[in-house]
Amino acid sequence: MKNIISILFVLFSVITFSQNDYPEIKSNKEYYKKPYKRTSSEKLTNLSENEAIFKFDFIDMSGNHYYNVMYSIDGLATEQQLKVGELLTIKTTPGKHVFQFYVGNNFEELQTDSILIEAKHCDQYIINLQVNLSTKPEMILHKPIIYLYPKESTEVTVSVDIHGKEPFYYPAYHNSWKCKAEPNGDLTIGKDTYNYLFWEAIADNSFNLSASSSGFFVEGDNVIPFLNEKLDQAGLTSKEKADFITFWGPKIANTKLSFVHFLFNEECNRYADLTITPKPDNIYRLYMIWAPSSQRFPIKKQEMKKIDRSGFTVFEWGGQVVQLAKNHRIKTSNKLVK
C-alpha cells in the first residue's frame with residue numbers, strides 16, 4: 001500500500017509540475033486571451049544540439065480547404081500552403097526567434113515577441129488571429145502641434161476641423177484657440193504662456209503607406225541621425241527638431257526596421273483643416289507616417305520640402321503609425337533553416 005501511495009504521489013507531483021511549467025496549456029479555446037500561446041514542449045532524441053522545431057496551430061480557420069501562410073523568422077521570409085487543421089512546422093536553431101505571420105484570404109497579421117526554444121526541443125504554439133484582430137489599436141494621429149511665428153506681436157485665432165473622433169486639445173479649446181503670438185513663438189492665453197498648440201485624435205482615415213512611391217527605410221539604431229538629416233533639409237529650427245525627435249525618436253528606435261514617408265502641406269488636410277486669422281503668409285505642415293517592416297523593398301528616396309519662413313509663418317507637425325500591405329512586407333524565399 002505504501003508503494004502504491006508513493007507512486008501516486010510521484011505521478012501527482014509530475015502532473016502538477018507539468019501544469020505549472022506550462023500553465024497556458026488548456027483545451028478550451030476561450031482560455032486563449034492572447035494571440036499566441038505555447039501549449040507543449042518536448043525534447044526529441046533525433047535532433048542535434050544545433051536544431052529545434054517550432055509547430056504552430058492556427059485555430060478558427062474554418063472549412064475543408066487549403067490556405068496560405070506567409071511568414072518570416074528573424075526577418076527571413078517564406079510562404080507555405082496548409083490544409084485546415086495542419087500545423088506549420090519550422091525547423092531552426094535553438095535560441096530566441098521572432099515570427100511574423102500573414103494567414104488566410106484576408107491576410108490576418110501577427111508578430112510575436114522574441115520566443116526562446118531550447119536545443120533538441122519541439123515547442124508547439126496555438127495562434128488565435130481573431131484575438132489579435134479584435135485588439136488591434138485605433139489609428140491615432142499623434143501629437144499634431146502648431147507653432148505660430150508672426151513678424152510682430154499679434155492676436156491670433158486658430159481653428160482646427162479634425163477629421164476623426166475623440167479629440168484632445170491643449171490648452172483648452174472652445175471652438176478655437178485665441179492667443180497672443182510673439183515673433184519668438186511664445187503664445188499667451190490668459191495668464192499662461194505656451195510654446196505651441198496641441199491636439200490629437202483617432203483618425204477617420206489613414207494614409208495608405210503601401211501605395212507610396214517614395215520614402216525611406218530606417219534602422220532603429222540610426223533613427224536620430226536620420227531624423228536630424230531630414231528635418232534639417234526641411235528647415236526646422238533646433239527647438240522644433242528637438243520637440244519632433246524626442247517624441248518620435250524613441251518609438252522608431254524600438255523598431256528594428258521602419259518604412260517612413262512624409263506628408264507635406266495640403267496632403268495633411270486628410271486629417272484636419274486649419275483656419276487661422278489673420279491669414280498667415282506661409283503655412284507649413286509636416287506629418288510623418290511610418291510602419292514597422294520585416295524587410296526592405298525597392299523604393300525611391302523622398303524629396304523633403306523646405307519651410308518658407310518669410311512673413312507670418314505657421315508650422316505644424318504630427319504623425320501616425322500604420323501597417324504596410326502584406327505584398328510589400330513579405331517576399332518569398334526557399335531558404336529558411338540557418
# chains A, B, ... in the order shown; residues from 1 in each chain; ligands from 1

$ residues_around --residues "A:Trp290" --least-positions-apart "4" --cutoff "7 Å" --atoms "only C-alpha atoms" --output "PyMOL selection string"
chain A and resi 258-261+320-322

$ select_by_dssp --residues "stretch 164-308 of chain A" --states "strand (DSSP E or B)" --output "ChimeraX atom specification"
/A:164-170,177-181,187-189,192-194,197-203,214-219,257-264,272-277,282-292,300-301

$ write_last_selection --atoms "C-alpha atoms" --output "PDB file, in the first residue's frame"
ATOM      1  CA  GLY A 164     -11.611  61.990 -36.604  1.00  0.00           C
ATOM      2  CA  LYS A 165     -13.070  61.186 -33.218  1.00  0.00           C
ATOM      3  CA  GLU A 166     -12.255  61.548 -29.523  1.00  0.00           C
ATOM      4  CA  PRO A 167     -10.134  64.692 -29.972  1.00  0.00           C
ATOM      5  CA  PHE A 168      -7.920  66.005 -27.197  1.00  0.00           C
ATOM      6  CA  TYR A 169      -6.746  69.619 -27.068  1.00  0.00           C
ATOM      7  CA  TYR A 170      -4.236  71.573 -25.017  1.00  0.00           C
ATOM      8  CA  TRP A 177      -7.782  78.971 -29.691  1.00  0.00           C
ATOM      9  CA  LYS A 178      -7.452  82.715 -29.172  1.00  0.00           C
ATOM     10  CA  CYS A 179      -3.937  83.737 -28.243  1.00  0.00           C
ATOM     11  CA  LYS A 180      -1.368  86.487 -28.448  1.00  0.00           C
ATOM     12  CA  ALA A 181       1.508  85.261 -30.585  1.00  0.00           C
ATOM     13  CA  LEU A 187       1.779  82.056 -27.189  1.00  0.00           C
ATOM     14  CA  THR A 188      -0.129  83.776 -24.386  1.00  0.00           C
ATOM     15  CA  ILE A 189      -3.620  82.662 -23.405  1.00  0.00           C
ATOM     16  CA  ASP A 192      -0.299  81.423 -19.227  1.00  0.00           C
ATOM     17  CA  THR A 193       2.392  81.178 -21.907  1.00  0.00           C
ATOM     18  CA  TYR A 194       2.803  78.166 -24.201  1.00  0.00           C
ATOM     19  CA  LEU A 197      -0.886  74.446 -29.516  1.00  0.00           C
ATOM     20  CA  PHE A 198      -1.571  70.715 -29.204  1.00  0.00           C
ATOM     21  CA  TRP A 199      -4.278  68.383 -30.481  1.00  0.00           C
ATOM     22  CA  GLU A 200      -4.641  64.636 -31.025  1.00  0.00           C
ATOM     23  CA  ALA A 201      -7.423  62.334 -32.265  1.00  0.00           C
ATOM     24  CA  ILE A 202      -8.333  58.925 -33.645  1.00  0.00           C
ATOM     25  CA  ALA A 203      -8.244  59.399 -37.401  1.00  0.00           C
ATOM     26  CA  SER A 214       8.848  57.206 -52.252  1.00  0.00           C
ATOM     27  CA  GLY A 215      10.102  57.106 -48.693  1.00  0.00           C
ATOM     28  CA  PHE A 216      12.916  55.826 -46.526  1.00  0.00           C
ATOM     29  CA  PHE A 217      13.937  52.716 -44.626  1.00  0.00           C
ATOM     30  CA  VAL A 218      15.276  53.489 -41.166  1.00  0.00           C
ATOM     31  CA  GLU A 219      17.019  51.090 -38.808  1.00  0.00           C
ATOM     32  CA  LEU A 257      13.387  48.404 -39.326  1.00  0.00           C
ATOM     33  CA  SER A 258      10.785  51.018 -40.283  1.00  0.00           C
ATOM     34  CA  PHE A 259       9.460  52.444 -43.531  1.00  0.00           C
ATOM     35  CA  VAL A 260       8.934  56.213 -43.336  1.00  0.00           C
ATOM     36  CA  HIS A 261       7.056  58.595 -45.613  1.00  0.00           C
ATOM     37  CA  PHE A 262       6.414  62.316 -45.046  1.00  0.00           C
ATOM     38  CA  LEU A 263       3.241  64.214 -45.922  1.00  0.00           C
ATOM     39  CA  PHE A 264       3.502  67.928 -46.660  1.00  0.00           C
ATOM     40  CA  ALA A 272      -7.634  68.088 -40.300  1.00  0.00           C
ATOM     41  CA  ASP A 273      -8.178  71.554 -41.810  1.00  0.00           C
ATOM     42  CA  LEU A 274      -6.630  74.633 -40.244  1.00  0.00           C
ATOM     43  CA  THR A 275      -8.237  78.080 -40.250  1.00  0.00           C
ATOM     44  CA  ILE A 276      -6.077  80.891 -38.918  1.00  0.00           C
ATOM     45  CA  THR A 277      -6.926  84.582 -38.543  1.00  0.00           C
ATOM     46  CA  ASN A 282       3.006  80.685 -45.051  1.00  0.00           C
ATOM     47  CA  ILE A 283       1.534  77.527 -43.515  1.00  0.00           C
ATOM     48  CA  TYR A 284       3.899  74.532 -43.447  1.00  0.00           C
ATOM     49  CA  ARG A 285       2.525  71.157 -42.329  1.00  0.00           C
ATOM     50  CA  LEU A 286       4.723  68.077 -41.923  1.00  0.00           C
ATOM     51  CA  TYR A 287       3.299  64.685 -40.921  1.00  0.00           C
ATOM     52  CA  MET A 288       5.469  61.598 -40.638  1.00  0.00           C
ATOM     53  CA  ILE A 289       3.722  58.308 -41.488  1.00  0.00           C
ATOM     54  CA  TRP A 290       5.698  55.180 -40.641  1.00  0.00           C
ATOM     55  CA  ALA A 291       5.333  51.437 -40.241  1.00  0.00           C
ATOM     56  CA  PRO A 292       7.459  48.583 -38.900  1.00  0.00           C
ATOM     57  CA  LYS A 300      12.546  55.925 -54.441  1.00  0.00           C
ATOM     58  CA  LYS A 301      14.011  58.269 -51.829  1.00  0.00           C
TER      59      LYS A 301
END

$ select_by_dssp --residues "stretch 202-336 of chain A" --states "helix (DSSP H, G or I)" --output "ChimeraX atom specification"
/A:209-211,220-234,238-253,265-270,326-329

$ atom_distance --atom1 "atom CA of A:Leu87" --atom2 "atom CA of A:Phe56"
5.4 Å

$ atom_distance --atom1 "atom CA of A:Ile307" --atom2 "atom CA of A:Arg270"
19.9 Å

$ decode --residues "stretch 188-248 of chain A" --atoms "C-alpha atoms" --output "tab-separated table (two decimals), in the first residue's frame"
chain	number	residue	atom	x	y	z
A	188	THR	CA	-0.13	83.78	-24.39
A	189	ILE	CA	-3.62	82.66	-23.40
A	190	GLY	CA	-4.91	84.43	-20.32
A	191	LYS	CA	-2.07	84.48	-17.83
A	192	ASP	CA	-0.30	81.42	-19.23
A	193	THR	CA	2.39	81.18	-21.91
A	194	TYR	CA	2.80	78.17	-24.20
A	195	ASN	CA	5.35	77.04	-26.79
A	196	TYR	CA	2.73	75.59	-29.13
A	197	LEU	CA	-0.89	74.45	-29.52
A	198	PHE	CA	-1.57	70.72	-29.20
A	199	TRP	CA	-4.28	68.38	-30.48
A	200	GLU	CA	-4.64	64.64	-31.03
A	201	ALA	CA	-7.42	62.33	-32.27
A	202	ILE	CA	-8.33	58.92	-33.65
A	203	ALA	CA	-8.24	59.40	-37.40
A	204	ASP	CA	-11.25	58.59	-39.57
A	205	ASN	CA	-8.84	57.53	-42.30
A	206	SER	CA	-5.17	56.78	-42.55
A	207	PHE	CA	-2.63	57.24	-45.30
A	208	ASN	CA	-2.05	54.13	-47.43
A	209	LEU	CA	1.67	53.86	-46.87
A	210	SER	CA	1.89	50.79	-49.07
A	211	ALA	CA	0.90	52.88	-52.08
A	212	SER	CA	3.78	55.30	-51.54
A	213	SER	CA	6.15	55.69	-54.46
A	214	SER	CA	8.85	57.21	-52.25
A	215	GLY	CA	10.10	57.11	-48.69
A	216	PHE	CA	12.92	55.83	-46.53
A	217	PHE	CA	13.94	52.72	-44.63
A	218	VAL	CA	15.28	53.49	-41.17
A	219	GLU	CA	17.02	51.09	-38.81
A	220	GLY	CA	16.25	51.60	-35.14
A	221	ASP	CA	19.81	52.44	-34.14
A	222	ASN	CA	20.05	55.05	-36.90
A	223	VAL	CA	16.85	56.96	-36.20
A	224	ILE	CA	18.47	60.04	-34.59
A	225	PRO	CA	20.92	60.77	-37.45
A	226	PHE	CA	18.13	60.08	-39.96
A	227	LEU	CA	15.66	62.49	-38.36
A	228	ASN	CA	18.33	65.14	-37.85
A	229	GLU	CA	19.24	64.99	-41.54
A	230	LYS	CA	15.68	65.05	-42.89
A	231	LEU	CA	14.45	67.76	-40.52
A	232	ASP	CA	17.49	69.90	-41.37
A	233	GLN	CA	16.56	69.51	-45.04
A	234	ALA	CA	13.02	70.60	-44.18
A	235	GLY	CA	14.37	73.72	-42.47
A	236	LEU	CA	13.23	73.11	-38.89
A	237	THR	CA	14.80	75.08	-36.06
A	238	SER	CA	16.80	73.33	-33.34
A	239	LYS	CA	13.86	73.64	-30.93
A	240	GLU	CA	11.37	72.25	-33.46
A	241	LYS	CA	13.73	69.36	-34.21
A	242	ALA	CA	14.14	68.63	-30.50
A	243	ASP	CA	10.36	68.53	-30.00
A	244	PHE	CA	9.92	66.22	-33.00
A	245	ILE	CA	12.80	63.85	-32.28
A	246	THR	CA	12.17	63.48	-28.54
A	247	PHE	CA	8.61	62.40	-29.34
A	248	TRP	CA	9.13	60.15	-32.39
